[in-house]
Every structure is written in C-alpha cells, then in structure tokens.
Amino acid sequence: MAKIITLNRKYFVMVASVVVICLIGYAGLSLWQKTNASVSKVNVVPEIKMLSITVEPASLVQDLTYGSVTLKGAQVITTKTFDLIATVQNTTAKKMTNVPVELQVTLVGDDTKKVTSPGTLPSLEPGATARVAFRQIKILGDALGKSATAGQHLITLNVKPNPVGGLEQASEASFRFTVDTTVKVPVTEKKP
C-alpha cells in the first residue's frame, strides 16, 4: 500500500519564506564583506608626504600631574613662543608649484582660540623634499602647573590641493602638546 502524505500549504509557505530570507541575508552579508575588504585594502600614497614635524625649542616628554589628573607621556613645551618646522616630500613624478600649506593652532576645548597661518611652497621637484617653517608661534594657553586643560594645544598642518600647480590631493598631519611654562627643562651634563 502506498502512503499519502499531505502538506498544509500554510506551513510550506512559511518554511519556504524563512529559507528565502536566510539565503538573501547570507548573500547580502557575503557581498558586504567583499566590498568592505576591497575598500580597506586601498592604500593611497599622498602626493605630498609629511616626513617629520619638529618644534624648536624641543618639546619634552614627561608625566604631568595637575591635582588628581595625571597626563602620562605628555609632549610639553615650556616657552611662550616656538617654531614649527615640517619636512615634506613630493612622492609623484611631476613638478609641483605654488603648493598651499596652512598651519592651524587650536586650544583644545576652546574653539574660539584658534590661529591660522597660511604659507606657500614655490616649487617642489619630483621626489624632492622641502622644509616649511612657521616662526614665532604664540601659545594660546598655559597650564601654569595648575590646570590639565588650560595648556593643551592641537597643531594641524594642512597641504591643500592646487590642481593648477600639479597637486590634486590634500594631506594633513596633527601634533598635540601641552604648554606649561612652570616645567623645568632638565640640565644635561657636559662631559669634558
């Protein structure tokens, strides 16, 4: 004898719907992971690469304590004015002219205290390096040994695009430091 199996269409449609939704979700997840992986693997080499940023007089690296707050390994500047010197490199095979460079100094936590200084590199040969110096930058706040936030500065150096001069991409570098004029600079011993 043959057995007859009957299926209720309502249950069959529900099970089929769940299977279809799972397949769509799996396909979407697979596509999303492939797209994410391809985006994260893109390594863009900037046309102007920031090689180094130095501060004169040189900043100190030390722990600072203000009341119950301790800043570990803080970059400290102990003067009221300083110079910033950036070394940049043209990573392309084309000559660049009139490259706009902008320095922005901001007091962290107070956007009203901001200073912007524009500059220009007249020309930069392929593969060549150049130094950009911003002199006598005045501090915007001083911790004075009392406040962890009063002397925190953010310096941002922007190289802006200039398609006419051969630069298509912008690049940027940032540097955080604390100004505290009460910190004593350690005296280095001179050996005879």
# chains A, B, ... in the order shown; residues from 1 in each chain; ligands from 1

call {"tool": "residues_around", "arguments": {"residues": "stretch 89-91 of chain A", "least_positions_apart": "4", "cutoff": "6 Å", "atoms": "only C-alpha atoms", "output": "ChimeraX atom specification"}}
result
/A:47-49,126-129

call {"tool": "write_last_selection", "arguments": {"atoms": "C-alpha atoms", "output": "PDB file, in the first residue's frame"}}
result
ATOM      1  CA  GLU A  47      51.203  63.269  -3.345  1.00  0.00           C
ATOM      2  CA  ILE A  48      52.855  65.326  -0.598  1.00  0.00           C
ATOM      3  CA  LYS A  49      54.074  63.158   2.270  1.00  0.00           C
ATOM      4  CA  PRO A 126      59.611  65.091  -8.215  1.00  0.00           C
ATOM      5  CA  GLY A 127      60.920  63.115  -5.232  1.00  0.00           C
ATOM      6  CA  ALA A 128      62.399  66.235  -3.633  1.00  0.00           C
ATOM      7  CA  THR A 129      61.977  67.266  -0.012  1.00  0.00           C
TER       8      THR A 129
END

call {"tool": "residues_around", "arguments": {"residues": "A:Glu168", "least_positions_apart": "6", "cutoff": "12 Å", "atoms": "only C-alpha atoms", "output": "list in words"}}
result
Pro46, Glu47, Ile48, Thr92, Lys94, Met96, Thr97, Val99, Pro100, Val159, Lys160, Pro161 and Asn162 of chain A

call {"tool": "atom_distance", "arguments": {"atom1": "atom CA of A:Ala148", "atom2": "atom CA of A:Val179"}}
result
9.8 Å

call {"tool": "atom_distance", "arguments": {"atom1": "atom CA of A:Leu51", "atom2": "atom CA of A:Ala130"}}
result
9.8 Å

call {"tool": "residues_around", "arguments": {"residues": "A:Val55", "least_positions_apart": "3", "cutoff": "6 Å", "atoms": "only C-alpha atoms", "output": "ChimeraX atom specification"}}
result
/A:58,83-84

call {"tool": "decode", "arguments": {"residues": "stretch 124-148 of chain A", "atoms": "N, CA, C and O atoms", "output": "PDB file, in the first residue's frame"}}
result
ATOM      1  N   LEU A 124      58.289  72.323  -5.993  1.00  0.00           N
ATOM      2  CA  LEU A 124      58.779  71.090  -5.410  1.00  0.00           C
ATOM      3  C   LEU A 124      58.969  70.084  -6.534  1.00  0.00           C
ATOM      4  O   LEU A 124      58.017  69.672  -7.185  1.00  0.00           O
ATOM      5  N   GLU A 125      60.218  69.722  -6.783  1.00  0.00           N
ATOM      6  CA  GLU A 125      60.565  68.798  -7.857  1.00  0.00           C
ATOM      7  C   GLU A 125      60.119  67.377  -7.508  1.00  0.00           C
ATOM      8  O   GLU A 125      59.931  67.058  -6.334  1.00  0.00           O
ATOM      9  N   PRO A 126      59.996  66.482  -8.493  1.00  0.00           N
ATOM     10  CA  PRO A 126      59.611  65.091  -8.215  1.00  0.00           C
ATOM     11  C   PRO A 126      60.594  64.407  -7.269  1.00  0.00           C
ATOM     12  O   PRO A 126      61.806  64.465  -7.480  1.00  0.00           O
ATOM     13  N   GLY A 127      60.084  63.816  -6.197  1.00  0.00           N
ATOM     14  CA  GLY A 127      60.920  63.115  -5.232  1.00  0.00           C
ATOM     15  C   GLY A 127      61.680  64.005  -4.275  1.00  0.00           C
ATOM     16  O   GLY A 127      62.315  63.513  -3.341  1.00  0.00           O
ATOM     17  N   ALA A 128      61.633  65.304  -4.465  1.00  0.00           N
ATOM     18  CA  ALA A 128      62.399  66.235  -3.633  1.00  0.00           C
ATOM     19  C   ALA A 128      61.710  66.479  -2.295  1.00  0.00           C
ATOM     20  O   ALA A 128      60.509  66.290  -2.149  1.00  0.00           O
ATOM     21  N   THR A 129      62.514  66.889  -1.314  1.00  0.00           N
ATOM     22  CA  THR A 129      61.977  67.266  -0.012  1.00  0.00           C
ATOM     23  C   THR A 129      62.147  68.761   0.185  1.00  0.00           C
ATOM     24  O   THR A 129      63.007  69.387  -0.440  1.00  0.00           O
ATOM     25  N   ALA A 130      61.317  69.311   1.041  1.00  0.00           N
ATOM     26  CA  ALA A 130      61.398  70.738   1.362  1.00  0.00           C
ATOM     27  C   ALA A 130      61.034  70.914   2.824  1.00  0.00           C
ATOM     28  O   ALA A 130      60.306  70.111   3.401  1.00  0.00           O
ATOM     29  N   ARG A 131      61.557  71.984   3.407  1.00  0.00           N
ATOM     30  CA  ARG A 131      61.228  72.318   4.792  1.00  0.00           C
ATOM     31  C   ARG A 131      60.341  73.550   4.791  1.00  0.00           C
ATOM     32  O   ARG A 131      60.607  74.518   4.107  1.00  0.00           O
ATOM     33  N   VAL A 132      59.280  73.464   5.574  1.00  0.00           N
ATOM     34  CA  VAL A 132      58.362  74.584   5.750  1.00  0.00           C
ATOM     35  C   VAL A 132      58.479  75.012   7.204  1.00  0.00           C
ATOM     36  O   VAL A 132      58.282  74.192   8.108  1.00  0.00           O
ATOM     37  N   ALA A 133      58.803  76.279   7.437  1.00  0.00           N
ATOM     38  CA  ALA A 133      58.993  76.758   8.805  1.00  0.00           C
ATOM     39  C   ALA A 133      57.971  77.842   9.126  1.00  0.00           C
ATOM     40  O   ALA A 133      57.764  78.766   8.336  1.00  0.00           O
ATOM     41  N   PHE A 134      57.351  77.699  10.272  1.00  0.00           N
ATOM     42  CA  PHE A 134      56.472  78.725  10.807  1.00  0.00           C
ATOM     43  C   PHE A 134      57.152  79.221  12.077  1.00  0.00           C
ATOM     44  O   PHE A 134      57.352  78.460  13.024  1.00  0.00           O
ATOM     45  N   ARG A 135      57.529  80.487  12.096  1.00  0.00           N
ATOM     46  CA  ARG A 135      58.350  81.047  13.179  1.00  0.00           C
ATOM     47  C   ARG A 135      57.513  81.870  14.159  1.00  0.00           C
ATOM     48  O   ARG A 135      56.503  82.458  13.795  1.00  0.00           O
ATOM     49  N   GLN A 136      57.980  81.890  15.400  1.00  0.00           N
ATOM     50  CA  GLN A 136      57.410  82.700  16.478  1.00  0.00           C
ATOM     51  C   GLN A 136      55.899  82.497  16.641  1.00  0.00           C
ATOM     52  O   GLN A 136      55.122  83.439  16.673  1.00  0.00           O
ATOM     53  N   ILE A 137      55.504  81.250  16.762  1.00  0.00           N
ATOM     54  CA  ILE A 137      54.094  80.922  17.025  1.00  0.00           C
ATOM     55  C   ILE A 137      53.834  81.188  18.507  1.00  0.00           C
ATOM     56  O   ILE A 137      54.552  80.686  19.371  1.00  0.00           O
ATOM     57  N   LYS A 138      52.818  81.966  18.798  1.00  0.00           N
ATOM     58  CA  LYS A 138      52.490  82.300  20.183  1.00  0.00           C
ATOM     59  C   LYS A 138      51.512  81.265  20.740  1.00  0.00           C
ATOM     60  O   LYS A 138      50.592  80.837  20.055  1.00  0.00           O
ATOM     61  N   ILE A 139      51.729  80.914  22.002  1.00  0.00           N
ATOM     62  CA  ILE A 139      50.845  79.948  22.647  1.00  0.00           C
ATOM     63  C   ILE A 139      49.481  80.592  22.895  1.00  0.00           C
ATOM     64  O   ILE A 139      49.359  81.807  22.989  1.00  0.00           O
ATOM     65  N   LEU A 140      48.445  79.757  23.005  1.00  0.00           N
ATOM     66  CA  LEU A 140      47.093  80.252  23.232  1.00  0.00           C
ATOM     67  C   LEU A 140      46.626  80.036  24.665  1.00  0.00           C
ATOM     68  O   LEU A 140      45.591  80.565  25.066  1.00  0.00           O
ATOM     69  N   GLY A 141      47.376  79.265  25.416  1.00  0.00           N
ATOM     70  CA  GLY A 141      47.036  78.994  26.811  1.00  0.00           C
ATOM     71  C   GLY A 141      48.231  78.391  27.520  1.00  0.00           C
ATOM     72  O   GLY A 141      49.140  77.877  26.885  1.00  0.00           O
ATOM     73  N   ASP A 142      48.239  78.472  28.850  1.00  0.00           N
ATOM     74  CA  ASP A 142      49.354  77.970  29.641  1.00  0.00           C
ATOM     75  C   ASP A 142      48.787  77.243  30.857  1.00  0.00           C
ATOM     76  O   ASP A 142      47.939  77.784  31.575  1.00  0.00           O
ATOM     77  N   ALA A 143      49.231  76.024  31.095  1.00  0.00           N
ATOM     78  CA  ALA A 143      48.754  75.243  32.238  1.00  0.00           C
ATOM     79  C   ALA A 143      49.221  75.843  33.558  1.00  0.00           C
ATOM     80  O   ALA A 143      48.554  75.712  34.571  1.00  0.00           O
ATOM     81  N   LEU A 144      50.364  76.498  33.570  1.00  0.00           N
ATOM     82  CA  LEU A 144      50.935  77.155  34.749  1.00  0.00           C
ATOM     83  C   LEU A 144      51.009  76.240  35.973  1.00  0.00           C
ATOM     84  O   LEU A 144      50.892  76.697  37.102  1.00  0.00           O
ATOM     85  N   GLY A 145      51.165  74.934  35.737  1.00  0.00           N
ATOM     86  CA  GLY A 145      51.276  73.995  36.835  1.00  0.00           C
ATOM     87  C   GLY A 145      49.976  73.746  37.579  1.00  0.00           C
ATOM     88  O   GLY A 145      49.964  73.076  38.598  1.00  0.00           O
ATOM     89  N   LYS A 146      48.844  74.288  37.089  1.00  0.00           N
ATOM     90  CA  LYS A 146      47.581  74.205  37.824  1.00  0.00           C
ATOM     91  C   LYS A 146      46.476  73.446  37.106  1.00  0.00           C
ATOM     92  O   LYS A 146      45.668  72.783  37.734  1.00  0.00           O
ATOM     93  N   SER A 147      46.389  73.576  35.769  1.00  0.00           N
ATOM     94  CA  SER A 147      45.240  73.036  35.044  1.00  0.00           C
ATOM     95  C   SER A 147      45.685  72.091  33.935  1.00  0.00           C
ATOM     96  O   SER A 147      46.514  72.451  33.093  1.00  0.00           O
ATOM     97  N   ALA A 148      45.078  70.894  33.898  1.00  0.00           N
ATOM     98  CA  ALA A 148      45.425  69.910  32.870  1.00  0.00           C
ATOM     99  C   ALA A 148      44.900  70.319  31.502  1.00  0.00           C
ATOM    100  O   ALA A 148      45.422  69.893  30.482  1.00  0.00           O
TER     101      ALA A 148
END
